[in-house]
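Have a look at input.pdb; it's PDB, C-alpha atoms and all ligand atoms:
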```
ATOM      1  CA  MET A   1      -0.331 -19.691  -0.444  1.00  0.00           C
ATOM      2  CA  THR A   2      -0.342 -16.496  -2.420  1.00  0.00           C
ATOM      3  CA  TYR A   3      -2.632 -14.303  -4.445  1.00  0.00           C
ATOM      4  CA  ARG A   4      -2.728 -13.813  -8.185  1.00  0.00           C
ATOM      5  CA  ILE A   5      -4.150 -11.131 -10.438  1.00  0.00           C
ATOM      6  CA  GLU A   6      -6.400 -12.162 -13.313  1.00  0.00           C
ATOM      7  CA  LEU A   7      -4.843  -9.982 -15.966  1.00  0.00           C
ATOM      8  CA  ASP A   8      -7.830  -9.790 -18.296  1.00  0.00           C
ATOM      9  CA  GLY A   9     -10.053  -8.000 -15.802  1.00  0.00           C
ATOM     10  CA  CYS A  10      -7.420  -5.728 -14.238  1.00  0.00           C
ATOM     11  CA  ILE A  11      -8.047  -2.033 -14.911  1.00  0.00           C
ATOM     12  CA  ASN A  12      -4.543  -1.033 -13.758  1.00  0.00           C
ATOM     13  CA  CYS A  13      -5.747   1.315 -11.061  1.00  0.00           C
ATOM     14  CA  SER A  14      -2.672   0.487  -8.910  1.00  0.00           C
ATOM     15  CA  TRP A  15      -4.610   0.370  -5.638  1.00  0.00           C
ATOM     16  CA  CYS A  16      -3.215  -3.075  -4.882  1.00  0.00           C
ATOM     17  CA  ARG A  17       0.361  -2.001  -5.580  1.00  0.00           C
ATOM     18  CA  ARG A  18       0.073   1.085  -3.388  1.00  0.00           C
ATOM     19  CA  THR A  19      -1.334  -0.788  -0.420  1.00  0.00           C
ATOM     20  CA  CYS A  20       0.732  -3.997  -0.512  1.00  0.00           C
ATOM     21  CA  PRO A  21       2.887  -3.987   2.655  1.00  0.00           C
ATOM     22  CA  THR A  22       5.583  -6.131   1.107  1.00  0.00           C
ATOM     23  CA  GLU A  23       5.736  -4.158  -2.144  1.00  0.00           C
ATOM     24  CA  THR A  24       5.540  -7.394  -4.070  1.00  0.00           C
ATOM     25  CA  ILE A  25       3.138  -6.146  -6.735  1.00  0.00           C
ATOM     26  CA  SER A  26       4.794  -4.755  -9.837  1.00  0.00           C
ATOM     27  CA  PHE A  27       3.488  -2.741 -12.733  1.00  0.00           C
ATOM     28  CA  PHE A  28       4.871  -3.480 -16.179  1.00  0.00           C
ATOM     29  CA  LEU A  29       4.483  -1.260 -19.205  1.00  0.00           C
ATOM     30  CA  THR A  30       6.123  -3.667 -21.617  1.00  0.00           C
ATOM     31  CA  ARG A  31       3.861  -5.470 -24.106  1.00  0.00           C
ATOM     32  CA  HIS A  32       0.723  -5.148 -21.940  1.00  0.00           C
ATOM     33  CA  ARG A  33       0.059  -2.670 -19.161  1.00  0.00           C
ATOM     34  CA  THR A  34      -0.293  -5.057 -16.290  1.00  0.00           C
ATOM     35  CA  HIS A  35       0.017  -5.618 -12.556  1.00  0.00           C
ATOM     36  CA  VAL A  36       1.640  -8.810 -11.325  1.00  0.00           C
ATOM     37  CA  ILE A  37       2.127 -10.283  -7.853  1.00  0.00           C
ATOM     38  CA  GLU A  38       5.534 -11.836  -7.229  1.00  0.00           C
ATOM     39  CA  PRO A  39       4.420 -14.762  -5.052  1.00  0.00           C
ATOM     40  CA  SER A  40       7.654 -15.136  -3.085  1.00  0.00           C
ATOM     41  CA  GLY A  41       7.009 -11.719  -1.498  1.00  0.00           C
ATOM     42  CA  CYS A  42       3.347 -12.310  -0.631  1.00  0.00           C
ATOM     43  CA  ILE A  43       2.468 -12.829   3.036  1.00  0.00           C
ATOM     44  CA  ASP A  44      -1.170 -13.697   2.404  1.00  0.00           C
ATOM     45  CA  CYS A  45      -2.504 -10.611   4.193  1.00  0.00           C
ATOM     46  CA  GLY A  46      -5.369 -10.103   1.715  1.00  0.00           C
ATOM     47  CA  ILE A  47      -5.122  -6.298   1.714  1.00  0.00           C
ATOM     48  CA  CYS A  48      -4.891  -6.168  -2.094  1.00  0.00           C
ATOM     49  CA  VAL A  49      -8.032  -8.280  -2.399  1.00  0.00           C
ATOM     50  CA  ASN A  50      -9.982  -5.851  -0.252  1.00  0.00           C
ATOM     51  CA  VAL A  51      -8.951  -2.759  -2.210  1.00  0.00           C
ATOM     52  CA  CYS A  52      -9.340  -4.144  -5.742  1.00  0.00           C
ATOM     53  CA  PRO A  53     -12.415  -2.429  -7.225  1.00  0.00           C
ATOM     54  CA  VAL A  54     -13.062  -5.131  -9.823  1.00  0.00           C
ATOM     55  CA  ASN A  55     -12.349  -8.261  -7.753  1.00  0.00           C
ATOM     56  CA  VAL A  56      -9.703  -9.767  -9.994  1.00  0.00           C
ATOM     57  CA  ILE A  57      -7.280 -10.850  -7.251  1.00  0.00           C
ATOM     58  CA  THR A  58      -7.772 -14.451  -6.273  1.00  0.00           C
ATOM     59  CA  TYR A  59      -6.296 -16.788  -3.697  1.00  0.00           C
ATOM     60  CA  ASP A  60      -3.903 -19.460  -4.944  1.00  0.00           C
ATOM     61  CA  PRO A  61      -3.498 -22.206  -2.341  1.00  0.00           C
ATOM     62  CA  THR A  62      -1.169 -24.238  -4.567  1.00  0.00           C
ATOM     63  CA  TYR A  63       1.861 -21.975  -4.117  1.00  0.00           C
ATOM     64  CA  GLU A  64       4.267 -23.162  -1.421  1.00  0.00           C
ATOM     65  CA  HIS A  65       6.526 -20.625   0.181  1.00  0.00           C
ATOM     66  CA  ASN A  66      10.210 -21.044   0.776  1.00  0.00           C
ATOM     67  CA  PRO A  67      10.362 -20.369   4.575  1.00  0.00           C
ATOM     68  CA  THR A  68      13.362 -18.041   4.218  1.00  0.00           C
ATOM     69  CA  GLU A  69      11.611 -15.976   1.545  1.00  0.00           C
ATOM     70  CA  LEU A  70       8.447 -15.846   3.626  1.00  0.00           C
ATOM     71  CA  GLU A  71      10.342 -14.571   6.675  1.00  0.00           C
ATOM     72  CA  ALA A  72      12.074 -11.948   4.505  1.00  0.00           C
ATOM     73  CA  ALA A  73       8.684 -10.841   3.158  1.00  0.00           C
ATOM     74  CA  LYS A  74       7.292 -10.540   6.691  1.00  0.00           C
ATOM     75  CA  GLU A  75      10.265  -8.450   7.758  1.00  0.00           C
ATOM     76  CA  HIS A  76       9.716  -6.249   4.704  1.00  0.00           C
ATOM     77  CA  ALA A  77       6.111  -5.754   5.820  1.00  0.00           C
ATOM     78  CA  ARG A  78       7.216  -4.811   9.369  1.00  0.00           C
ATOM     79  CA  GLN A  79       9.595  -2.189   8.010  1.00  0.00           C
ATOM     80  CA  TRP A  80       6.910  -0.894   5.636  1.00  0.00           C
ATOM     81  CA  ALA A  81       4.515  -0.521   8.574  1.00  0.00           C
ATOM     82  CA  ARG A  82       7.157   1.399  10.556  1.00  0.00           C
ATOM     83  CA  ARG A  83       7.708   3.763   7.612  1.00  0.00           C
ATOM     84  CA  GLN A  84       3.961   4.310   7.252  1.00  0.00           C
ATOM     85  CA  ARG A  85       3.705   5.162  10.970  1.00  0.00           C
ATOM     86  CA  GLN A  86       6.554   7.667  10.612  1.00  0.00           C
ATOM     87  CA  VAL A  87       4.916   9.322   7.610  1.00  0.00           C
ATOM     88  CA  LYS A  88       1.632   9.533   9.505  1.00  0.00           C
ATOM     89  CA  LEU A  89       3.299  11.119  12.549  1.00  0.00           C
ATOM     90  CA  GLN A  90       5.146  13.626  10.348  1.00  0.00           C
ATOM     91  CA  ARG A  91       1.926  14.597   8.573  1.00  0.00           C
ATOM     92  CA  ARG A  92       0.155  15.062  11.889  1.00  0.00           C
ATOM     93  CA  ALA A  93       3.003  17.214  13.227  1.00  0.00           C
ATOM     94  CA  ARG A  94       2.924  19.391  10.089  1.00  0.00           C
ATOM     95  CA  ALA A  95      -0.849  19.770  10.328  1.00  0.00           C
ATOM     96  CA  GLU A  96      -0.659  20.737  14.011  1.00  0.00           C
ATOM     97  CA  ALA A  97       2.098  23.261  13.263  1.00  0.00           C
ATOM     98  CA  ALA A  98      -0.004  24.764  10.468  1.00  0.00           C
ATOM     99  CA  VAL A  99      -3.038  25.072  12.748  1.00  0.00           C
ATOM    100  CA  LYS A 100      -0.924  26.777  15.428  1.00  0.00           C
ATOM    101  CA  LYS A 101       0.502  29.186  12.851  1.00  0.00           C
ATOM    102  CA  VAL A 102      -2.962  30.154  11.633  1.00  0.00           C
ATOM    103  CA  ALA A 103      -4.217  30.565  15.212  1.00  0.00           C
ATOM    104  CA  ALA A 104      -1.205  32.738  16.090  1.00  0.00           C
ATOM    105  CA  GLY A 105      -1.814  34.873  12.992  1.00  0.00           C
ATOM    106  CA  ARG A 106      -5.447  35.421  13.933  1.00  0.00           C
ATOM    107  CA  SER A 107      -4.632  36.469  17.490  1.00  0.00           C
ATOM    108  CA  ALA A 108      -2.015  38.929  16.170  1.00  0.00           C
ATOM    109  CA  VAL A 109      -4.570  40.733  13.992  1.00  0.00           C
ATOM    110  CA  ALA A 110      -6.062  43.698  15.840  1.00  0.00           C
ATOM    111  CA  VAL A 111      -9.835  43.668  15.789  1.00  0.00           C
ATOM    112  CA  PRO A 112     -11.303  47.191  15.348  1.00  0.00           C
ATOM    113  CA  ALA A 113     -13.655  48.270  18.126  1.00  0.00           C
TER     114      ALA A 113
HETATM  115  S1  LIG B 201      -1.933 -10.562  -0.105  1.00  0.00           S
HETATM  116 FE1  LIG B 201      -0.827  -8.888   0.952  1.00  0.00          FE
HETATM  117  S2  LIG B 201       1.317  -9.305   0.626  1.00  0.00           S
HETATM  118 FE2  LIG B 201       0.194 -10.574  -0.852  1.00  0.00          FE
HETATM  119  S3  LIG B 201       0.158  -9.332  -2.712  1.00  0.00           S
HETATM  120 FE3  LIG B 201      -1.723  -8.880  -1.571  1.00  0.00          FE
HETATM  121  S4  LIG B 201      -1.274  -7.090  -0.297  1.00  0.00           S
HETATM  122 FE4  LIG B 201       0.690  -7.943  -1.010  1.00  0.00          FE
HETATM  123  S1  LIG B 202      -6.433  -3.164  -7.579  1.00  0.00           S
HETATM  124 FE1  LIG B 202      -7.269  -4.698  -9.018  1.00  0.00          FE
HETATM  125  S2  LIG B 202      -7.786  -3.527 -10.853  1.00  0.00           S
HETATM  126 FE2  LIG B 202      -6.421  -2.234  -9.625  1.00  0.00          FE
HETATM  127  S3  LIG B 202      -4.383  -2.674 -10.440  1.00  0.00           S
HETATM  128 FE3  LIG B 202      -4.710  -4.064  -8.723  1.00  0.00          FE
HETATM  129  S4  LIG B 202      -5.541  -5.949  -9.643  1.00  0.00           S
HETATM  130 FE4  LIG B 202      -5.728  -4.324 -11.157  1.00  0.00          FE
END
```
Re-express the file's structure as structure tokens.
Amino acid sequence: MTYRIELDGCINCSWCRRTCPTETISFFLTRHRTHVIEPSGCIDCGICVNVCPVNVITYDPTYEHNPTELEAAKEHARQWARRQRQVKLQRRARAEAAVKKVAAGRSAVAVPA
């Protein structure tokens, strides 16, 4: 099981590459600008299919995974998810700090009577 990109219809928007949790979608500039899924890294999550704006990613049931490669791809996805959570928490902390700073600045400004 894996997914494949029909190259003719791909508009190279990169949405699939940016959202793939196993980072198994590559972008090549050589010869043709194109996105390609390396099947050994695909965990069949379907995220790329859902984000593709032109529906050119299709399911390929003929591909058979090597179990070791599949487990490595799943572990890659777990680590990717942990990194995404960390980034999200850091962004939230920065946003909260910025809000507090603005609020503190407002309270420090004397309001004329
Ligand atoms: S199905 Fe999931 S793992 Fe496979 S290429 Fe798409 S987003 Fe990546
Ligand atoms: S999301 Fe679809 S159109 Fe965009 S790069 Fe991926 S396959 Fe191509």
Worksheet item: the PyMOL selection byres (((chain A and resi 7) around 10) and not hetatm) on the file shown: which residues, as a VMD selection string?
Response: chain A and resid 4 to 6 8 to 12 32 to 36 56 to 57
Item to complete: Anything within 12 Å of (-2.2, -21.6, -2.9): list those residues as a ChimeraX atom specification, counting all atoms listed in the file and sticking to the file's coordinates.
Response: /A:1-4,39-40,42-44,58-65
Fill in: Residue among A:Val99, A:Val51, A:Cys45, A:Ala108 lying closest to Lys74 of chain A, counting only C-alpha atoms
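Closest candidate: A:Cys45.
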Worksheet item: Please, which residues are within 10 Å of (6.3, -6.2, 4.4) by the file's coordinates, counting only C-alpha atoms, and could they come as a PyMOL selection string?
Response: chain A and resi 20-24+41-43+45+70-82
Item to complete: Give me the residues within 10 Å of Cys13 of chain A as a ChimeraX atom specification, counting all atoms listed in the file and dropping any in the same chain fewer than 4 places off.
Response: /A:17-18,34-35,52-54
Worksheet item: Using all atoms listed in the file, which of the listed residues (A:Ser14, A:Ala98, A:Gly46, A:Thr30) sits closest to ligand LIG 201 (chain B)?
Response: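 Ranked by minimum distance to ligand LIG 201 (chain B), first place goes to A:Gly46.
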Worksheet item: Between atom CA of Ala95 of chain A and atom CA of Trp15 of chain A, what is the distance, to one decimal in Å?
Response: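 Distance reported for this atom pair: 25.4 Å.
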Worksheet item: Can you tell me how far atom CA of Phe28 of chain A sits from atom CA of Thr68 of chain A, in Å to one decimal?
Response: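 These two atoms are separated by 26.5 Å.
For the residues A:Asn55, A:Glu96, A:Pro67, A:Thr19, ranking by smallest atom-to-atom distance to ligand LIG 201 (chain B) using only C-alpha atoms and all ligand atoms places A:Thr19 first.
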Worksheet item: What is the atom CA of Ser26 of chain A-atom CA of Asn50 of chain A distance in Å, reported with one decimal?
Response: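 Here the two named atoms are 17.6 Å from each other.
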Worksheet item: Looking at all atoms listed in the file, which of A:Lys88, A:Ile37, A:Arg94, A:Leu29 is the one that sits closest to ligand LIG 201 (chain B)?
Response: A:Ile37
Practice prompt. Choose the residue, out of A:Ala103, A:Ala97, A:Val87, A:Cys48, that has the smallest atom-to-atom separation from ligand LIG 202 (chain B); count all atoms listed in the file.
Written response: A:Cys48
N, CA and C atoms restored at segment 49-63 of chain A, emitted as an mmCIF file, in the coordinates of the input:
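Output (result.cif):
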```cif
data_model
loop_
_atom_site.group_PDB
_atom_site.id
_atom_site.type_symbol
_atom_site.label_atom_id
_atom_site.label_comp_id
_atom_site.auth_asym_id
_atom_site.auth_seq_id
_atom_site.Cartn_x
_atom_site.Cartn_y
_atom_site.Cartn_z
ATOM 1 N N VAL A 49 -6.712 -7.759 -2.023
ATOM 2 C CA VAL A 49 -8.032 -8.280 -2.399
ATOM 3 C C VAL A 49 -9.119 -7.301 -1.976
ATOM 4 N N ASN A 50 -8.954 -6.751 -0.785
ATOM 5 C CA ASN A 50 -9.982 -5.851 -0.252
ATOM 6 C C ASN A 50 -10.035 -4.512 -0.969
ATOM 7 N N VAL A 51 -8.916 -4.073 -1.551
ATOM 8 C CA VAL A 51 -8.951 -2.759 -2.210
ATOM 9 C C VAL A 51 -9.241 -2.855 -3.703
ATOM 10 N N CYS A 52 -9.141 -4.017 -4.291
ATOM 11 C CA CYS A 52 -9.340 -4.144 -5.742
ATOM 12 C C CYS A 52 -10.807 -3.841 -6.101
ATOM 13 N N PRO A 53 -11.034 -2.825 -6.926
ATOM 14 C CA PRO A 53 -12.415 -2.429 -7.225
ATOM 15 C C PRO A 53 -13.141 -3.373 -8.182
ATOM 16 N N VAL A 54 -12.403 -4.257 -8.847
ATOM 17 C CA VAL A 54 -13.062 -5.131 -9.823
ATOM 18 C C VAL A 54 -12.903 -6.624 -9.475
ATOM 19 N N ASN A 55 -12.424 -6.888 -8.273
ATOM 20 C CA ASN A 55 -12.349 -8.261 -7.753
ATOM 21 C C ASN A 55 -11.634 -9.248 -8.682
ATOM 22 N N VAL A 56 -10.435 -8.854 -9.105
ATOM 23 C CA VAL A 56 -9.703 -9.767 -9.994
ATOM 24 C C VAL A 56 -8.485 -10.388 -9.304
ATOM 25 N N ILE A 57 -8.398 -10.235 -7.983
ATOM 26 C CA ILE A 57 -7.280 -10.850 -7.251
ATOM 27 C C ILE A 57 -7.817 -12.068 -6.518
ATOM 28 N N THR A 58 -7.236 -13.211 -6.829
ATOM 29 C CA THR A 58 -7.772 -14.451 -6.273
ATOM 30 C C THR A 58 -6.700 -15.224 -5.501
ATOM 31 N N TYR A 59 -7.169 -15.993 -4.565
ATOM 32 C CA TYR A 59 -6.296 -16.788 -3.697
ATOM 33 C C TYR A 59 -5.777 -18.009 -4.457
ATOM 34 N N ASP A 60 -4.495 -18.278 -4.304
ATOM 35 C CA ASP A 60 -3.903 -19.460 -4.944
ATOM 36 C C ASP A 60 -3.274 -20.344 -3.869
ATOM 37 N N PRO A 61 -4.001 -21.356 -3.431
ATOM 38 C CA PRO A 61 -3.498 -22.206 -2.341
ATOM 39 C C PRO A 61 -2.412 -23.176 -2.788
ATOM 40 N N THR A 62 -2.139 -23.251 -4.077
ATOM 41 C CA THR A 62 -1.169 -24.238 -4.567
ATOM 42 C C THR A 62 0.284 -23.782 -4.390
ATOM 43 N N TYR A 63 0.484 -22.469 -4.228
ATOM 44 C CA TYR A 63 1.861 -21.975 -4.117
ATOM 45 C C TYR A 63 2.425 -22.298 -2.732
#
```
